[in-house]
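Enquirer: Hey, dropping structure.tsv in here, TSV, C-alpha atoms:
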```
chain	number	residue	atom	x	y	z
A	22	MET	CA	-10.29	16.41	-24.86
A	23	ARG	CA	-11.49	15.84	-21.37
A	24	ILE	CA	-13.39	12.98	-19.88
A	25	ASN	CA	-15.10	12.95	-16.53
A	26	ILE	CA	-14.38	9.79	-14.55
A	27	ASP	CA	-17.10	10.64	-12.02
A	28	SER	CA	-19.75	11.20	-14.64
A	29	GLN	CA	-22.90	9.13	-14.84
A	30	ILE	CA	-22.04	8.51	-18.48
A	31	PRO	CA	-19.64	5.61	-19.13
A	32	ILE	CA	-16.20	6.65	-20.35
A	33	PHE	CA	-16.54	4.95	-23.74
A	34	ILE	CA	-19.74	6.84	-24.49
A	35	GLN	CA	-18.19	10.14	-23.39
A	36	LEU	CA	-15.33	9.41	-25.75
A	37	ALA	CA	-17.65	8.70	-28.69
A	38	GLU	CA	-19.53	11.93	-27.94
A	39	ILE	CA	-16.29	13.95	-27.90
A	40	VAL	CA	-15.26	12.55	-31.27
A	41	GLU	CA	-18.74	13.33	-32.63
A	42	ASP	CA	-18.55	16.87	-31.26
A	43	ASN	CA	-15.24	17.34	-33.05
A	44	ILE	CA	-16.70	16.04	-36.29
A	45	LEU	CA	-19.70	18.39	-35.98
A	46	ASN	CA	-17.40	21.32	-35.27
A	47	GLY	CA	-15.33	20.47	-38.31
A	48	ILE	CA	-12.20	19.75	-36.26
A	49	TYR	CA	-12.18	16.25	-37.76
A	50	ASP	CA	-13.20	16.49	-41.40
A	51	GLU	CA	-14.95	13.74	-43.29
A	52	GLU	CA	-12.53	11.29	-44.91
A	53	THR	CA	-9.67	12.42	-42.67
A	54	GLN	CA	-7.91	10.36	-40.03
A	55	ILE	CA	-8.78	10.63	-36.33
A	56	PRO	CA	-6.21	10.00	-33.55
A	57	SER	CA	-5.27	6.37	-32.92
A	58	THR	CA	-6.42	4.34	-29.94
A	59	THR	CA	-2.89	4.60	-28.54
A	60	GLU	CA	-2.79	8.38	-28.79
A	61	VAL	CA	-6.20	8.73	-27.17
A	62	ALA	CA	-5.48	6.13	-24.44
A	63	VAL	CA	-2.25	7.85	-23.48
A	64	ALA	CA	-3.72	11.35	-23.66
A	65	LEU	CA	-6.71	10.47	-21.48
A	66	LYS	CA	-4.96	7.85	-19.32
A	67	VAL	CA	-7.69	5.33	-20.06
A	68	ASN	CA	-7.35	1.61	-20.79
A	69	PRO	CA	-7.16	1.00	-24.58
A	70	ALA	CA	-9.96	-1.58	-24.34
A	71	THR	CA	-12.28	1.21	-23.16
A	72	ILE	CA	-11.16	3.46	-26.02
A	73	ASN	CA	-11.85	0.60	-28.46
A	74	ARG	CA	-15.38	0.26	-27.13
A	75	GLY	CA	-15.92	3.94	-27.89
A	76	VAL	CA	-14.48	3.54	-31.36
A	77	ASN	CA	-16.61	0.44	-32.00
A	78	LEU	CA	-19.71	2.40	-31.03
A	79	LEU	CA	-18.77	5.01	-33.65
A	80	VAL	CA	-18.17	2.28	-36.23
A	81	GLU	CA	-21.63	0.82	-35.46
A	82	ARG	CA	-23.19	4.24	-35.88
A	83	GLY	CA	-21.45	4.58	-39.25
A	84	ILE	CA	-19.47	7.62	-38.09
A	85	VAL	CA	-15.94	6.26	-38.52
A	86	TYR	CA	-14.39	3.31	-40.36
A	87	LYS	CA	-11.19	1.33	-39.96
A	88	LYS	CA	-8.58	1.22	-42.68
A	89	ARG	CA	-6.49	-1.85	-42.00
A	90	GLY	CA	-2.98	-0.99	-40.98
A	91	VAL	CA	-3.61	2.74	-41.39
A	92	GLY	CA	-6.07	3.83	-38.73
A	93	MET	CA	-9.52	5.29	-38.20
A	94	PHE	CA	-11.19	7.67	-40.64
A	95	VAL	CA	-14.32	9.79	-40.52
A	96	CYS	CA	-17.02	8.40	-42.85
A	97	ASN	CA	-18.38	10.36	-45.71
A	98	GLY	CA	-21.71	11.81	-44.53
A	99	ALA	CA	-20.79	11.33	-40.86
A	100	ARG	CA	-21.73	14.87	-39.98
A	101	GLU	CA	-25.24	14.48	-41.37
A	102	LYS	CA	-25.66	11.16	-39.52
A	103	ILE	CA	-24.62	12.71	-36.21
A	104	ARG	CA	-27.04	15.59	-36.77
A	105	ALA	CA	-29.89	13.24	-37.60
A	106	ARG	CA	-29.32	11.08	-34.52
A	107	ARG	CA	-28.90	14.03	-32.21
A	108	ARG	CA	-31.98	15.77	-33.59
A	109	LYS	CA	-33.99	12.73	-32.56
A	110	ALA	CA	-32.49	12.89	-29.08
A	111	PHE	CA	-32.90	16.67	-28.76
A	112	LEU	CA	-36.33	16.45	-27.13
A	113	SER	CA	-35.28	14.04	-24.38
A	114	ASP	CA	-31.71	15.31	-23.92
A	115	PHE	CA	-32.29	19.05	-23.96
A	116	LEU	CA	-35.93	20.09	-24.06
A	117	GLN	CA	-37.12	17.82	-21.27
A	118	PRO	CA	-34.47	18.94	-18.73
A	119	LEU	CA	-35.10	22.55	-19.75
A	120	LEU	CA	-38.82	22.25	-19.10
A	121	GLU	CA	-38.23	20.40	-15.83
A	122	GLU	CA	-35.96	23.17	-14.58
A	123	ALA	CA	-38.47	25.76	-15.73
A	124	ARG	CA	-41.18	23.98	-13.75
A	125	ASN	CA	-38.91	23.88	-10.66
A	126	LEU	CA	-38.38	27.62	-10.99
A	127	GLY	CA	-42.02	28.39	-11.68
A	128	ILE	CA	-41.36	29.66	-15.20
A	129	SER	CA	-44.40	29.10	-17.38
A	130	LYS	CA	-44.29	27.53	-20.81
A	131	SER	CA	-45.27	30.80	-22.46
A	132	GLU	CA	-42.44	32.59	-20.62
A	133	VAL	CA	-40.03	29.97	-21.92
A	134	ILE	CA	-41.34	30.47	-25.42
A	135	ALA	CA	-40.98	34.25	-25.05
A	136	MET	CA	-37.39	33.78	-23.88
A	137	LEU	CA	-36.68	31.49	-26.80
A	138	ASN	CA	-38.10	33.98	-29.28
A	139	GLY	CA	-35.99	36.81	-27.90
A	140	TYR	CA	-32.84	34.73	-27.65
A	141	ASN	CA	-33.25	33.03	-30.98
A	142	SER	CA	-33.49	36.12	-33.15
A	143	GLU	CA	-30.45	37.78	-31.51
A	144	GLU	CA	-28.37	34.65	-31.88
A	145	THR	CA	-29.26	33.89	-35.48
A	146	ASN	CA	-28.68	37.48	-36.49
A	147	GLN	CA	-25.23	37.43	-34.94
A	148	ARG	CA	-24.43	34.08	-36.53
A	149	ARG	CA	-25.66	35.20	-39.94
A	150	SER	CA	-23.62	38.36	-39.96
A	151	ALA	CA	-20.57	36.40	-38.75
A	152	ASP	CA	-21.03	33.84	-41.52
A	153	GLU	CA	-21.32	36.49	-44.23
B	9	MET	CA	1.63	-11.90	-22.50
B	10	SER	CA	1.18	-15.04	-20.47
B	11	ASP	CA	-1.52	-16.97	-18.68
B	12	ILE	CA	-1.09	-17.34	-14.95
B	13	GLU	CA	-3.19	-19.79	-13.04
B	14	ILE	CA	-3.19	-19.65	-9.26
B	15	ARG	CA	-4.76	-22.75	-7.72
B	16	HIS	CA	-5.67	-23.21	-4.07
B	17	VAL	CA	-2.66	-21.30	-2.75
B	18	SER	CA	-2.37	-20.96	1.02
B	19	LYS	CA	0.36	-19.41	3.09
B	20	ALA	CA	0.71	-18.80	6.81
B	21	TYR	CA	3.30	-16.85	8.78
B	22	GLY	CA	3.22	-18.57	12.12
B	23	LYS	CA	-0.39	-18.30	13.24
B	24	THR	CA	-1.27	-15.57	10.75
B	25	LYS	CA	-2.93	-16.92	7.66
B	26	ALA	CA	-1.78	-14.59	4.88
B	27	LEU	CA	-3.48	-16.45	2.04
B	28	LYS	CA	-6.38	-18.86	2.38
B	29	ASP	CA	-7.02	-21.14	-0.57
B	30	VAL	CA	-6.60	-18.47	-3.24
B	31	SER	CA	-7.58	-19.46	-6.78
B	32	VAL	CA	-7.58	-16.92	-9.56
B	33	ALA	CA	-6.65	-16.77	-13.24
B	34	ILE	CA	-4.76	-13.93	-14.88
B	35	THR	CA	-5.00	-14.34	-18.61
B	36	GLY	CA	-3.71	-12.66	-21.70
B	37	ALA	CA	-2.84	-9.10	-22.62
B	38	LYS	CA	-4.78	-7.05	-20.12
B	39	VAL	CA	-4.13	-4.54	-17.37
B	40	TYR	CA	-5.07	-6.09	-14.04
B	41	GLY	CA	-5.50	-4.25	-10.79
B	42	LEU	CA	-4.59	-6.22	-7.69
B	43	LEU	CA	-6.33	-4.39	-4.89
B	44	GLY	CA	-6.63	-4.96	-1.18
B	45	ARG	CA	-6.09	-3.24	2.12
B	46	ASN	CA	-2.80	-3.45	3.96
B	47	GLY	CA	-2.27	-7.02	5.04
B	48	ALA	CA	-4.81	-8.44	2.58
B	49	GLY	CA	-2.15	-10.70	1.07
B	50	LYS	CA	-1.25	-8.89	-2.18
B	51	THR	CA	2.50	-8.87	-1.70
B	52	THR	CA	2.49	-12.42	-0.33
B	53	LEU	CA	0.71	-13.59	-3.45
B	54	LEU	CA	3.12	-11.74	-5.74
B	55	ASN	CA	6.11	-13.04	-3.77
B	56	ILE	CA	4.90	-16.62	-4.15
B	57	LEU	CA	4.27	-16.11	-7.86
B	58	THR	CA	7.83	-14.90	-8.30
B	59	ASN	CA	9.48	-17.52	-6.05
B	60	ARG	CA	10.65	-15.10	-3.36
B	61	ILE	CA	8.75	-17.19	-0.86
B	62	PHE	CA	6.96	-20.51	-1.19
B	63	ALA	CA	3.34	-21.46	-0.66
B	64	ASP	CA	2.37	-23.93	2.07
B	65	SER	CA	0.02	-25.57	-0.38
B	66	GLY	CA	-1.44	-25.08	-3.83
B	67	GLU	CA	0.33	-24.27	-7.05
B	68	ILE	CA	0.85	-21.56	-9.63
B	69	ARG	CA	1.18	-22.26	-13.33
B	70	VAL	CA	2.57	-19.89	-15.94
B	71	ASP	CA	1.53	-20.85	-19.46
B	72	GLY	CA	0.81	-24.35	-18.18
B	73	GLU	CA	4.12	-24.87	-16.41
B	74	SER	CA	4.69	-24.82	-12.69
B	75	ALA	CA	6.11	-21.47	-11.59
B	76	MET	CA	8.01	-22.99	-8.68
B	77	GLU	CA	11.77	-23.03	-9.17
B	78	ASN	CA	11.23	-22.89	-12.89
B	79	ASP	CA	13.57	-20.46	-14.64
B	80	ARG	CA	11.68	-20.57	-17.91
B	81	ALA	CA	8.45	-19.54	-16.20
B	82	GLN	CA	10.19	-16.93	-14.02
B	83	ALA	CA	11.97	-15.35	-17.00
B	84	LYS	CA	8.53	-14.33	-18.29
B	85	ILE	CA	7.81	-12.23	-15.21
B	86	PHE	CA	9.37	-8.94	-14.19
B	87	TYR	CA	8.40	-7.91	-10.70
B	88	MET	CA	8.85	-4.39	-9.40
B	89	THR	CA	9.08	-5.03	-5.68
B	90	GLU	CA	8.55	-2.64	-2.82
B	91	GLN	CA	11.97	-3.50	-1.41
B	92	THR	CA	15.19	-2.79	-3.24
B	93	LEU	CA	17.70	-5.57	-3.48
B	94	TYR	CA	20.45	-3.82	-5.44
B	95	PRO	CA	23.78	-2.92	-3.80
B	96	LYS	CA	23.60	0.66	-2.51
B	97	ASN	CA	26.82	1.82	-4.16
B	98	MET	CA	25.83	0.59	-7.62
B	99	ARG	CA	24.98	3.24	-10.21
B	100	VAL	CA	21.66	3.38	-12.07
B	101	ARG	CA	23.29	2.76	-15.46
B	102	ASN	CA	25.15	-0.28	-14.09
B	103	VAL	CA	21.89	-1.81	-12.91
B	104	PHE	CA	20.44	-1.21	-16.39
B	105	GLN	CA	23.41	-3.13	-17.85
B	106	LEU	CA	23.14	-5.87	-15.27
B	107	THR	CA	19.39	-6.29	-15.84
B	108	ARG	CA	20.06	-6.69	-19.53
B	109	GLY	CA	22.31	-9.63	-18.66
B	110	PHE	CA	19.46	-11.38	-16.85
B	111	TYR	CA	16.68	-10.35	-19.21
B	112	PRO	CA	17.95	-10.43	-22.81
B	113	SER	CA	14.80	-8.63	-23.96
B	114	PHE	CA	15.53	-5.64	-21.66
B	115	ASP	CA	15.48	-2.47	-23.78
B	116	LEU	CA	18.50	-0.45	-22.73
B	117	THR	CA	17.76	2.45	-25.09
B	118	TYR	CA	14.21	2.74	-23.79
B	119	ALA	CA	15.44	2.57	-20.18
B	120	HIS	CA	17.78	5.52	-20.78
B	121	ALA	CA	15.07	7.44	-22.62
B	122	LEU	CA	12.73	6.92	-19.66
B	123	ALA	CA	15.45	7.97	-17.22
B	124	GLU	CA	15.76	11.21	-19.15
B	125	ARG	CA	11.99	11.78	-19.18
B	126	PHE	CA	11.81	11.23	-15.42
B	127	GLN	CA	15.05	13.19	-14.87
B	128	LEU	CA	16.73	10.25	-13.21
B	129	ARG	CA	20.51	10.65	-13.56
B	130	PRO	CA	22.10	7.37	-14.78
B	131	GLU	CA	25.19	8.24	-12.71
B	132	SER	CA	23.28	8.30	-9.41
B	133	ARG	CA	24.06	5.63	-6.87
B	134	ILE	CA	21.10	3.48	-5.78
B	135	GLY	CA	21.73	4.24	-2.11
B	136	ALA	CA	21.51	7.97	-2.75
B	137	LEU	CA	18.07	7.92	-4.40
B	138	SER	CA	15.07	9.45	-2.62
B	139	THR	CA	11.92	7.34	-2.06
B	140	GLY	CA	10.35	8.88	-5.16
B	141	TYR	CA	13.39	8.31	-7.35
B	142	LEU	CA	13.79	4.78	-6.07
B	143	SER	CA	10.23	4.11	-7.28
B	144	ILE	CA	11.05	5.76	-10.60
B	145	PHE	CA	14.22	3.71	-10.96
B	146	LYS	CA	12.32	0.47	-10.34
B	147	LEU	CA	9.40	1.31	-12.57
B	148	ILE	CA	11.81	2.14	-15.39
B	149	LEU	CA	13.44	-1.28	-14.97
B	150	THR	CA	10.03	-2.90	-15.16
B	151	LEU	CA	8.74	-0.89	-18.12
B	152	ALA	CA	11.95	-1.54	-20.09
B	153	SER	CA	12.06	-5.26	-19.22
B	154	ASN	CA	9.82	-6.22	-22.16
B	155	ALA	CA	8.72	-9.16	-20.04
B	156	PRO	CA	5.44	-10.89	-21.02
B	157	VAL	CA	4.24	-10.25	-17.47
B	158	MET	CA	5.01	-6.97	-15.70
B	159	ILE	CA	4.13	-6.62	-12.06
B	160	PHE	CA	4.13	-3.22	-10.38
B	161	ASP	CA	3.82	-3.19	-6.60
B	162	GLU	CA	2.97	0.34	-5.44
B	163	PRO	CA	4.65	1.86	-8.52
B	164	VAL	CA	3.92	5.49	-7.67
B	165	LEU	CA	5.08	5.41	-4.06
B	166	GLY	CA	6.59	8.83	-3.30
B	167	LEU	CA	6.07	10.16	-6.82
B	168	ASP	CA	4.82	13.72	-7.31
B	169	ALA	CA	1.72	14.42	-9.43
B	170	ASN	CA	3.73	15.11	-12.59
B	171	HIS	CA	5.69	11.90	-12.35
B	172	ARG	CA	2.59	9.84	-11.56
B	173	ASP	CA	0.94	11.30	-14.65
B	174	LEU	CA	4.02	10.51	-16.72
B	175	PHE	CA	4.11	6.95	-15.41
B	176	TYR	CA	0.46	6.23	-16.30
B	177	ARG	CA	1.01	7.60	-19.80
B	178	GLU	CA	4.24	5.67	-20.35
B	179	LEU	CA	2.62	2.50	-19.07
B	180	LEU	CA	-0.25	2.80	-21.54
B	181	ALA	CA	2.00	3.81	-24.45
B	182	ARG	CA	4.26	0.83	-23.83
B	183	TYR	CA	1.31	-1.50	-23.30
B	184	GLN	CA	-0.22	-0.41	-26.59
B	185	ALA	CA	3.07	-0.81	-28.46
B	186	ALA	CA	3.40	-4.42	-27.28
B	187	PRO	CA	0.37	-5.63	-25.32
B	188	ASN	CA	1.29	-7.91	-22.43
B	189	THR	CA	0.00	-8.94	-19.03
B	190	VAL	CA	0.26	-6.04	-16.61
B	191	ILE	CA	-0.50	-6.37	-12.91
B	192	LEU	CA	-0.82	-3.14	-10.94
B	193	SER	CA	-0.93	-3.46	-7.19
B	194	THR	CA	-1.82	-0.08	-5.77
B	195	HIS	CA	-3.61	1.80	-3.03
B	196	LEU	CA	-4.32	4.76	-5.29
B	197	ILE	CA	-7.43	3.24	-6.80
B	198	GLU	CA	-9.10	6.44	-7.90
B	199	GLU	CA	-6.08	7.38	-10.00
B	200	ALA	CA	-5.59	4.00	-11.59
B	201	ALA	CA	-9.26	3.05	-12.07
B	202	ALA	CA	-9.56	4.11	-15.73
B	203	LEU	CA	-6.37	2.23	-16.60
B	204	LEU	CA	-7.63	-1.12	-15.40
B	205	GLU	CA	-9.52	-3.68	-17.40
B	206	GLU	CA	-9.81	-6.34	-14.72
B	207	VAL	CA	-9.66	-6.21	-10.94
B	208	ILE	CA	-8.76	-8.77	-8.35
B	209	ILE	CA	-9.73	-7.71	-4.85
B	210	LEU	CA	-8.20	-9.54	-1.91
B	211	LYS	CA	-9.64	-9.38	1.56
B	212	GLU	CA	-8.07	-11.08	4.55
B	213	GLY	CA	-6.19	-13.55	2.40
B	214	GLN	CA	-9.10	-14.47	0.16
B	215	VAL	CA	-10.28	-13.43	-3.27
B	216	LEU	CA	-13.33	-11.22	-2.84
B	217	PHE	CA	-13.64	-10.46	-6.54
B	218	ALA	CA	-11.97	-11.22	-9.80
B	219	ARG	CA	-13.79	-9.68	-12.73
B	220	PRO	CA	-13.73	-7.02	-15.42
B	221	VAL	CA	-14.04	-3.52	-13.94
B	222	ASP	CA	-17.21	-2.86	-15.97
B	223	GLU	CA	-18.95	-5.87	-14.49
B	224	LEU	CA	-17.90	-4.98	-10.99
B	225	LEU	CA	-19.24	-1.44	-11.35
B	226	GLN	CA	-22.57	-2.73	-12.63
B	227	LEU	CA	-23.09	-4.58	-9.37
B	228	ALA	CA	-23.77	-1.38	-7.51
B	229	TYR	CA	-25.10	2.15	-7.92
B	230	VAL	CA	-25.47	5.35	-5.97
B	231	VAL	CA	-28.82	6.98	-5.25
B	232	SER	CA	-29.35	10.39	-3.72
B	233	GLY	CA	-32.25	12.65	-2.82
B	234	SER	CA	-34.44	13.50	0.15
B	235	GLN	CA	-34.04	11.31	3.20
B	236	GLU	CA	-37.67	10.11	3.29
B	237	ASN	CA	-37.64	9.02	-0.31
B	238	ILE	CA	-34.22	7.42	-0.03
B	239	ASP	CA	-35.35	5.42	3.00
B	240	ARG	CA	-38.50	4.39	1.20
B	241	TYR	CA	-36.48	3.29	-1.82
B	242	ALA	CA	-33.82	1.48	0.20
B	243	LYS	CA	-36.29	-0.76	2.01
B	244	GLY	CA	-35.34	-4.40	1.43
B	245	LYS	CA	-32.26	-3.51	-0.60
B	246	ARG	CA	-28.66	-4.18	0.26
B	247	VAL	CA	-27.18	-0.83	1.25
B	248	ILE	CA	-23.39	-0.73	1.67
B	249	ARG	CA	-22.94	2.99	2.22
B	250	GLU	CA	-25.02	5.75	3.75
B	251	GLU	CA	-24.23	9.41	3.93
B	252	ALA	CA	-26.60	12.08	5.19
B	253	LEU	CA	-26.25	15.85	5.03
B	254	GLY	CA	-29.25	17.29	6.80
B	255	ARG	CA	-32.28	16.00	4.94
B	256	TYR	CA	-30.20	15.08	1.92
B	257	LYS	CA	-29.10	11.48	1.77
B	258	SER	CA	-26.91	9.45	-0.54
B	259	ILE	CA	-26.58	5.68	-0.44
B	260	THR	CA	-24.79	2.97	-2.39
B	261	ILE	CA	-26.88	-0.06	-3.21
B	262	TYR	CA	-25.09	-3.30	-3.83
B	263	GLN	CA	-27.33	-5.09	-6.29
B	264	PRO	CA	-28.23	-4.42	-9.94
B	265	CYS	CA	-30.87	-1.80	-10.70
B	266	SER	CA	-33.93	-3.52	-12.21
B	267	SER	CA	-36.41	-1.78	-14.49
B	268	ALA	CA	-38.92	-1.75	-11.62
B	269	ASP	CA	-36.25	0.00	-9.53
B	270	GLN	CA	-35.75	2.50	-12.35
B	271	GLU	CA	-39.45	3.33	-12.34
B	272	MET	CA	-39.45	3.78	-8.59
B	273	LEU	CA	-36.42	6.07	-8.81
B	274	ALA	CA	-38.20	8.23	-11.35
B	275	ARG	CA	-41.41	8.29	-9.33
B	276	LEU	CA	-39.59	9.34	-6.15
B	277	GLY	CA	-37.51	11.90	-8.03
B	278	LEU	CA	-34.19	10.38	-6.91
B	279	ASP	CA	-30.89	10.81	-8.70
B	280	GLN	CA	-28.98	7.75	-9.76
B	281	ALA	CA	-25.26	7.55	-10.52
B	282	PRO	CA	-22.82	4.72	-11.14
B	283	ALA	CA	-20.70	3.47	-8.26
B	284	ARG	CA	-17.03	4.33	-8.32
B	285	LEU	CA	-14.36	1.69	-7.99
B	286	GLN	CA	-12.73	3.32	-5.00
B	287	GLU	CA	-16.02	3.72	-3.14
B	288	LEU	CA	-17.06	0.19	-3.88
B	289	PHE	CA	-13.66	-1.05	-2.77
B	290	ILE	CA	-13.80	0.82	0.53
B	291	ASN	CA	-17.27	-0.44	1.33
B	292	LEU	CA	-16.60	-4.03	0.38
B	293	THR	CA	-13.29	-4.33	2.22
B	294	ASN	CA	-14.34	-2.56	5.40
```
Show this structure as structure tokens.
Expert:
Amino acid sequence: MRINIDSQIPIFIQLAEIVEDNILNGIYDEETQIPSTTEVAVALKVNPATINRGVNLLVERGIVYKKRGVGMFVCNGAREKIRARRRKAFLSDFLQPLLEEARNLGISKSEVIAMLNGYNSEETNQRRSADE
Amino acid sequence: MSDIEIRHVSKAYGKTKALKDVSVAITGAKVYGLLGRNGAGKTTLLNILTNRIFADSGEIRVDGESAMENDRAQAKIFYMTEQTLYPKNMRVRNVFQLTRGFYPSFDLTYAHALAERFQLRPESRIGALSTGYLSIFKLILTLASNAPVMIFDEPVLGLDANHRDLFYRELLARYQAAPNTVILSTHLIEEAAALLEEVIILKEGQVLFARPVDELLQLAYVVSGSQENIDRYAKGKRVIREEALGRYKSITIYQPCSSADQEMLARLGLDQAPARLQELFINLTN
């Protein structure tokens, strides 16, 4: 785990995103425990109150839940929730910056689409064969 | 943890006014950063709080009781000073023992465990310790004190990067195990920024700021882009920092960013970033 103190994104949001990434990647499985506030605070050298804000954000989003006296656990269905929320944000978070950069570089929309088509098929083929 | 209330404290050394009517509250289990440039009055304030010197006027209360010549209030505070007051020929382990006599809650086992982690030999004599190891020795005493209020004055003075890292981790681990009131007085703001929940900034003997770090950082932001657009944007705003590299310019604006400002930023194609504690500190205390 690595947070960027200089980033434009507040630390507690970065933290929530890292935990979400790990849930999506299957590093933290649903219904399993995630590291405690103490562990994370010490590992990242960040005030525990900041870590708690990140955790509370995840609780609000229904991604993790607190078990009193035990710790934090990943909710059932958390992965699907993260996917759904991020899909909604995909346009503004990824597509918009991509198209802006393309415009800056003078790459036309159709060129972008052509690139995507080429890239996409290669990638999915590789993924599929790796999965099988 | 304890609540410390500092009310209208003033102190002068001859003609030099070290503290001018300082009022600030330090409450509950939080990590406070006490920041200020050299001579801002940090150490004077801490020395008055811990009865090493006395204020000319004003008072300090610890959990409602006067801190002045009050053993019960003073027993709640462990202060890691810049100076060392232990006899030079005393050994580290003897000081651990001695400290336990004064502070019954002192955790001897933890002190020795920390000494091992920092590779401080308990047999070493205080007078033979290097600057770095003297800091380590004192920060171990403070961490192991179990006092409701722990004050660290320049805790990482002379420490190498590994030991500084270890200190920050140990501090947080201990704080989490038994939350208390921690006051960190340091010049290494960048390093300590993420550890702090509240900051108190002193300037020329007065409190410039006392607020949560988050709130302080929301008071300012950094904008960068082409010089013309930056200048256009900055018109009428309170700019506390300017930096130009050719036609590129970056400024720090000391006022919240309104939604109208946001729109203007987008229209002018300027980049916006949050202010950093260190930067803000430098510009406000200059």
Enquirer: Please build the interface table for chain B against chain A with a cut-off of 8 Å, listing for each qualifying residue the nearest atom pair and the distance in Å to one decimal; count all atoms listed in the file, order rows by chain and increasing number, and write it as CSV.
Expert:
```
residue,atom,partner,partner_atom,distance
B:Val39,CA,A:Asn68,CA,7.7
B:Tyr176,CA,A:Lys66,CA,6.4
B:Arg177,CA,A:Val63,CA,4.9
B:Glu178,CA,A:Val63,CA,7.5
B:Leu180,CA,A:Val63,CA,5.8
B:Ala181,CA,A:Val63,CA,5.9
B:Gln184,CA,A:Thr59,CA,6.0
B:Ala202,CA,A:Val67,CA,4.9
B:Leu203,CA,A:Asn68,CA,4.3
B:Leu204,CA,A:Asn68,CA,6.0
B:Glu205,CA,A:Asn68,CA,6.6
B:Ala281,CA,A:Gln29,CA,5.2
B:Pro282,CA,A:Gln29,CA,5.8
B:Arg284,CA,A:Asp27,CA,7.3
```
Enquirer: Go ahead and find all residues with at least one atom no further than 9 Å from (-19.2, 6.1, -25.7) in the file's coordinates, using only C-alpha atoms; report them as number ranges by chain.
Expert: A: 30-39, 71-72, 74-79
Enquirer: Would you list the residues near (-21.4, 14.8, -35.9) (no more than 12 Å away, in the coordinates of the file, using only C-alpha atoms) as a VMD selection string?
Expert: chain A and resid 37 to 51 79 82 to 85 95 to 108
Enquirer: When you draw a straight line from CA of Ala123 (chain B) to CA of Asp79 (chain B), how long is it in Å?
Expert: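 Between CA of Ala123 (chain B) and CA of Asp79 (chain B) the gap is 28.6 Å.
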Enquirer: Please indicate the distance in Å from CA of Leu273 (chain B) to CA of Tyr256 (chain B), rounded to one decimal place.
Expert: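 Rounded to one decimal, the two atoms are 15.3 Å apart.
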Enquirer: Just to confirm, what's the straight-line distance from CA of Leu149 (chain B) to CA of Pro95 (chain B) in Å (one decimal)?
Expert: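 Calculated distance between CA of Leu149 (chain B) and CA of Pro95 (chain B) is 15.3 Å.
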Enquirer: May I have the residues within 10 Å of region 103-111 of chain B as an MDAnalysis selection string, using all atoms listed in the file and disregarding those fewer than 6 positions away in the same chain?
Expert: chainID B and resid 83:86 94:95 117 119:120 130 133:134 145 148:150 152:155
Enquirer: I'd like the contact shell of Arg69 (chain B) - 6 Å cut-off, only C-alpha atoms, skipping same-chain residues fewer than 6 positions apart - returned as a list in words.
Expert: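 Non-adjacent residues within range: Ile12, Glu13 and Ala75 of chain B.
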Enquirer: What's the 12 Å shell around Ala81 (chain B), counting all atoms listed in the file, without same-chain residues fewer than 5 positions away, as a PDB file with C-alpha atoms, in the coordinates of the input?
Expert:
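The resulting file, out-v1.pdb, is shown below:
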```pdb
ATOM      1  CA  SER B  10       1.180 -15.040 -20.470  1.00  0.00           C
ATOM      2  CA  ASP B  11      -1.520 -16.970 -18.680  1.00  0.00           C
ATOM      3  CA  ILE B  12      -1.090 -17.340 -14.950  1.00  0.00           C
ATOM      4  CA  LEU B  57       4.270 -16.110  -7.860  1.00  0.00           C
ATOM      5  CA  THR B  58       7.830 -14.900  -8.300  1.00  0.00           C
ATOM      6  CA  ASN B  59       9.480 -17.520  -6.050  1.00  0.00           C
ATOM      7  CA  ILE B  68       0.850 -21.560  -9.630  1.00  0.00           C
ATOM      8  CA  ARG B  69       1.180 -22.260 -13.330  1.00  0.00           C
ATOM      9  CA  VAL B  70       2.570 -19.890 -15.940  1.00  0.00           C
ATOM     10  CA  ASP B  71       1.530 -20.850 -19.460  1.00  0.00           C
ATOM     11  CA  GLY B  72       0.810 -24.350 -18.180  1.00  0.00           C
ATOM     12  CA  GLU B  73       4.120 -24.870 -16.410  1.00  0.00           C
ATOM     13  CA  SER B  74       4.690 -24.820 -12.690  1.00  0.00           C
ATOM     14  CA  ALA B  75       6.110 -21.470 -11.590  1.00  0.00           C
ATOM     15  CA  MET B  76       8.010 -22.990  -8.680  1.00  0.00           C
ATOM     16  CA  PHE B  86       9.370  -8.940 -14.190  1.00  0.00           C
ATOM     17  CA  ALA B 155       8.720  -9.160 -20.040  1.00  0.00           C
ATOM     18  CA  PRO B 156       5.440 -10.890 -21.020  1.00  0.00           C
ATOM     19  CA  VAL B 157       4.240 -10.250 -17.470  1.00  0.00           C
TER      20      VAL B 157
END
```
Enquirer: Ranking B:Tyr87, B:Tyr21, B:Tyr262, B:Tyr40 by minimum distance to Asp64 (chain B) and counting only C-alpha atoms, which one comes first?
Expert: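 For Asp64 (chain B), the nearest of the given residues is B:Tyr21.
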Enquirer: Would you compute an axis-aligned box for region 93-104 of chain A, covering every atom listed for it in the file with 6 Å of margin on each side, and report centre and edge lengths in Å to one decimal as AutoDock Vina command-line options?
Expert:
```
--center_x -18.3 --center_y 10.4 --center_z -41.0 --size_x 29.5 --size_y 22.3 --size_z 21.5
```
